[in-house]
Amino acid sequence: MTDQNALKRAVAAKALDYVVDGMKLGLGSGSTAEIFVELLAPRVRGGQTLLCVPTSERTAALARKLGITLSSLDDLAPLDLTVDGADEADRNLDLIKGGGGMLLREKIVAAASKKMIVIADESKLVPRLGKFPLPVEVIEFGHQATAAHMAEAIAALGYRGVTMTVRQRDGAPFKTDSGNLIYDCAFDAITSAPILADALNAIPGVVEHGLFIGIATTLLIAGPGDIEVIEAAG
């Protein structure tokens, strides 16, 4: 089992072990999370009652196509469980998410859940976050001024040479499901994710960032021979 798609399918299948009938479930976004949704659908068709909240319009469309019942977060919160992927994860269960641009809704849903299971292949497990560019979602109004404040805050924390690029798609600025822009910030290595998260949170115009600190409760990592289960401390 070395093919990356096979690893994604294996770890998505493992996450099904945590789903029980009657759950209120958050459905993540991204390729691995979408495999989980596909594997979940037969359980629903088989009679399990699951009420689900999608973290993106893409996930919502897939779930509807597969016959999964969807509800709003306001109607269901708190959720029992959210299952989602990650772009990077460390052994403290801190994450970088948002490569697909869905970080705001992903974080809202995860924060409204009693537990969050993160599913990923072994390439996403890193000793230190930051090699994957950190997405920061900002309001379009005055976004260049917001970016300037971001650069000042990042420099004040001692980071040097961090490039910040407005994400593009099809030759135009990428817009999130909430209509915002994303700046991808290339740190290479983040020395303290909590401190950086606090600094970004304090900037007017920053809606959300892709650092998920202290939110995930279980990390499932698929390797060639097995699936490693990493639980949050305490």
# chains A, B, ... in the order shown; residues from 1 in each chain; ligands from 1

call {"tool": "closest_atom_pairs", "arguments": {"of": "segment 163-195 of chain A", "to": "segment 45-56 of chain A", "cutoff": "12 Å", "atoms": "only C-alpha atoms", "output": "JSON lines"}}
result
{"residue": "A:Thr176", "atom": "CA", "partner": "A:Ser56", "partner_atom": "CA", "distance": 9.3}
{"residue": "A:Asp177", "atom": "CA", "partner": "A:Ser56", "partner_atom": "CA", "distance": 7.0}
{"residue": "A:Ser178", "atom": "CA", "partner": "A:Ser56", "partner_atom": "CA", "distance": 9.7}

call {"tool": "residues_around", "arguments": {"residues": "Ala193 of chain A", "least_positions_apart": "6", "cutoff": "9 Å", "atoms": "only C-alpha atoms", "output": "list in words"}}
result
Asp94, Leu129, Gly130, Leu211, Phe212 and Ile213 of chain A

call {"tool": "write_last_selection", "arguments": {"atoms": "C-alpha atoms", "output": "PDB file, in the first residue's frame"}}
result
ATOM      1  CA  ASP A  94      -1.227  21.429  15.230  1.00  0.00           C
ATOM      2  CA  LEU A 129       4.962  23.368  10.387  1.00  0.00           C
ATOM      3  CA  GLY A 130       5.705  25.872   7.663  1.00  0.00           C
ATOM      4  CA  LEU A 211      -3.099  27.493  11.629  1.00  0.00           C
ATOM      5  CA  PHE A 212      -5.319  25.075  13.562  1.00  0.00           C
ATOM      6  CA  ILE A 213      -3.917  25.122  17.082  1.00  0.00           C
TER       7      ILE A 213
END

call {"tool": "select_by_dssp", "arguments": {"residues": "segment 21-205 of chain A", "states": "strand (DSSP E or B)", "output": "PyMOL selection string"}}
result
chain A and resi 24-27+51-54+70+79+81-84+88-89+95-96+113+116-121+125+134-138+163-166+168-169+172-173+181-186

call {"tool": "write_last_selection", "arguments": {"atoms": "C-alpha atoms", "output": "short mmCIF file (atom, residue, chain, number, x, y, z; two decimals), in the first residue's frame"}}
result
data_model
loop_
_atom_site.label_atom_id
_atom_site.label_comp_id
_atom_site.auth_asym_id
_atom_site.auth_seq_id
_atom_site.Cartn_x
_atom_site.Cartn_y
_atom_site.Cartn_z
CA LYS A 24 -23.98 14.98 14.09
CA LEU A 25 -20.98 15.02 11.79
CA GLY A 26 -18.82 17.72 10.18
CA LEU A 27 -17.62 16.86 6.68
CA LEU A 51 -26.88 14.63 10.16
CA CYS A 52 -23.97 16.34 8.45
CA VAL A 53 -22.57 19.84 8.07
CA PRO A 54 -20.30 20.47 5.05
CA LEU A 70 -27.13 17.99 5.21
CA LEU A 79 -21.37 18.52 16.49
CA LEU A 81 -17.31 14.85 15.34
CA THR A 82 -15.63 16.50 12.36
CA VAL A 83 -13.47 14.50 9.97
CA ASP A 84 -11.14 16.57 7.80
CA GLU A 88 0.55 19.72 7.23
CA ALA A 89 0.34 18.24 10.71
CA LEU A 95 -2.12 21.85 11.58
CA ILE A 96 -1.84 23.97 8.48
CA SER A 113 -17.29 19.96 17.25
CA MET A 116 -11.90 16.54 15.29
CA ILE A 117 -10.25 13.65 13.50
CA VAL A 118 -7.63 14.59 10.93
CA ILE A 119 -6.94 12.09 8.16
CA ALA A 120 -3.80 12.28 6.03
CA ASP A 121 -1.09 10.25 4.33
CA LEU A 125 3.23 14.63 8.90
CA LEU A 134 0.35 29.32 5.26
CA PRO A 135 -2.98 30.56 3.84
CA VAL A 136 -4.35 33.74 5.39
CA GLU A 137 -7.90 34.74 4.42
CA VAL A 138 -8.47 38.50 4.24
CA THR A 163 6.90 36.05 0.60
CA MET A 164 3.16 36.75 0.58
CA THR A 165 1.26 36.09 -2.63
CA VAL A 166 -2.40 36.64 -3.44
CA GLN A 168 -4.79 33.18 -8.19
CA ARG A 169 -7.10 30.89 -10.12
CA ALA A 172 -7.86 36.12 -11.46
CA PRO A 173 -7.66 36.42 -7.67
CA LEU A 181 -9.04 36.67 -0.77
CA ILE A 182 -6.20 34.42 0.37
CA TYR A 183 -2.57 35.39 0.85
CA ASP A 184 -0.24 32.40 0.78
CA CYS A 185 2.69 33.09 3.11
CA ALA A 186 5.88 31.09 2.54
#

call {"tool": "select_by_dssp", "arguments": {"residues": "segment 52-85 of chain A", "states": "alpha helix (DSSP H)", "output": "PyMOL selection string"}}
result
chain A and resi 57-65+73-76

call {"tool": "residues_around", "arguments": {"residues": "Glu122 of chain A", "least_positions_apart": "6", "cutoff": "6 Å", "atoms": "only C-alpha atoms", "output": "list in words"}}
result
Ile221, Ala222 and Gly223 of chain A

call {"tool": "residues_around", "arguments": {"residues": "segment 40-43 of chain A", "least_positions_apart": "5", "cutoff": "7 Å", "atoms": "only C-alpha atoms", "output": "PyMOL selection string"}}
result
chain A and resi 48+66-68

call {"tool": "residues_around", "arguments": {"residues": "segment 146-160 of chain A", "least_positions_apart": "2", "cutoff": "9 Å", "atoms": "only C-alpha atoms", "output": "list of chain:residue names"}}
result
A:Val138, A:Ile139, A:Phe141, A:Gly142, A:His143, A:Gln144, A:Val162, A:Thr163, A:Met164, A:Tyr183, A:Phe187, A:Ile190, A:Thr191, A:Ile195, A:Leu196, A:Ala199, A:Leu200, A:Ile203, A:Pro204, A:Gly205, A:Val206

call {"tool": "write_last_selection", "arguments": {"atoms": "N, CA and C atoms", "output": "mmCIF file, in the first residue's frame"}}
result
data_model
loop_
_atom_site.group_PDB
_atom_site.id
_atom_site.type_symbol
_atom_site.label_atom_id
_atom_site.label_comp_id
_atom_site.auth_asym_id
_atom_site.auth_seq_id
_atom_site.Cartn_x
_atom_site.Cartn_y
_atom_site.Cartn_z
ATOM 1 N N VAL A 138 -8.299 37.085 3.926
ATOM 2 C CA VAL A 138 -8.466 38.499 4.245
ATOM 3 C C VAL A 138 -9.660 39.070 3.485
ATOM 4 N N ILE A 139 -10.259 40.105 4.074
ATOM 5 C CA ILE A 139 -11.301 40.860 3.386
ATOM 6 C C ILE A 139 -10.692 41.535 2.158
ATOM 7 N N PHE A 141 -11.605 44.333 0.706
ATOM 8 C CA PHE A 141 -11.454 45.765 0.925
ATOM 9 C C PHE A 141 -10.137 46.053 1.644
ATOM 10 N N GLY A 142 -9.313 46.892 1.044
ATOM 11 C CA GLY A 142 -8.054 47.290 1.663
ATOM 12 C C GLY A 142 -7.080 46.161 1.886
ATOM 13 N N HIS A 143 -7.147 45.134 1.045
ATOM 14 C CA HIS A 143 -6.338 43.939 1.331
ATOM 15 C C HIS A 143 -4.839 44.199 1.259
ATOM 16 N N GLN A 144 -4.423 45.166 0.441
ATOM 17 C CA GLN A 144 -2.986 45.455 0.382
ATOM 18 C C GLN A 144 -2.506 46.106 1.681
ATOM 19 N N VAL A 162 9.911 36.194 4.156
ATOM 20 C CA VAL A 162 8.606 35.550 3.956
ATOM 21 C C VAL A 162 7.885 36.236 2.798
ATOM 22 N N THR A 163 7.638 35.500 1.737
ATOM 23 C CA THR A 163 6.902 36.055 0.603
ATOM 24 C C THR A 163 5.408 35.819 0.815
ATOM 25 N N MET A 164 4.613 36.836 0.445
ATOM 26 C CA MET A 164 3.158 36.752 0.579
ATOM 27 C C MET A 164 2.550 37.002 -0.794
ATOM 28 N N TYR A 183 -4.009 35.185 1.018
ATOM 29 C CA TYR A 183 -2.569 35.391 0.853
ATOM 30 C C TYR A 183 -1.866 34.113 1.305
ATOM 31 N N PHE A 187 6.714 30.596 4.763
ATOM 32 C CA PHE A 187 7.599 30.729 5.923
ATOM 33 C C PHE A 187 8.797 29.785 5.844
ATOM 34 N N ILE A 190 7.968 27.472 10.766
ATOM 35 C CA ILE A 190 7.295 28.308 11.758
ATOM 36 C C ILE A 190 7.812 27.902 13.129
ATOM 37 N N THR A 191 8.448 28.841 13.820
ATOM 38 C CA THR A 191 9.105 28.502 15.081
ATOM 39 C C THR A 191 8.105 28.329 16.221
ATOM 40 N N ILE A 195 2.145 31.583 18.723
ATOM 41 C CA ILE A 195 2.501 33.008 18.747
ATOM 42 C C ILE A 195 2.169 33.653 17.404
ATOM 43 N N LEU A 196 2.483 32.979 16.315
ATOM 44 C CA LEU A 196 2.155 33.506 14.990
ATOM 45 C C LEU A 196 0.642 33.626 14.824
ATOM 46 N N ALA A 199 -0.622 36.708 16.569
ATOM 47 C CA ALA A 199 -0.245 37.937 15.867
ATOM 48 C C ALA A 199 -1.141 38.180 14.657
ATOM 49 N N LEU A 200 -1.439 37.132 13.905
ATOM 50 C CA LEU A 200 -2.307 37.285 12.739
ATOM 51 C C LEU A 200 -3.741 37.590 13.152
ATOM 52 N N ILE A 203 -4.787 41.369 13.585
ATOM 53 C CA ILE A 203 -4.706 42.320 12.468
ATOM 54 C C ILE A 203 -6.089 42.566 11.876
ATOM 55 N N PRO A 204 -6.563 43.816 11.859
ATOM 56 C CA PRO A 204 -7.839 44.118 11.206
ATOM 57 C C PRO A 204 -7.775 43.762 9.718
ATOM 58 N N GLY A 205 -8.808 43.121 9.228
ATOM 59 C CA GLY A 205 -8.837 42.701 7.829
ATOM 60 C C GLY A 205 -8.516 41.238 7.644
ATOM 61 N N VAL A 206 -7.811 40.641 8.604
ATOM 62 C CA VAL A 206 -7.574 39.196 8.575
ATOM 63 C C VAL A 206 -8.830 38.501 9.089
#

call {"tool": "residues_around", "arguments": {"residues": "Ala232 of chain A", "least_positions_apart": "2", "cutoff": "8 Å", "atoms": "only C-alpha atoms", "output": "list of chain:residue names"}}
result
A:Asn92, A:Leu93, A:Ala216, A:Thr217, A:Thr218, A:Ile230, A:Gly234

call {"tool": "residues_around", "arguments": {"residues": "Thr59 of chain A", "least_positions_apart": "5", "cutoff": "9 Å", "atoms": "only C-alpha atoms", "output": "PyMOL selection string"}}
result
chain A and resi 27-30+33-34+37+54+64
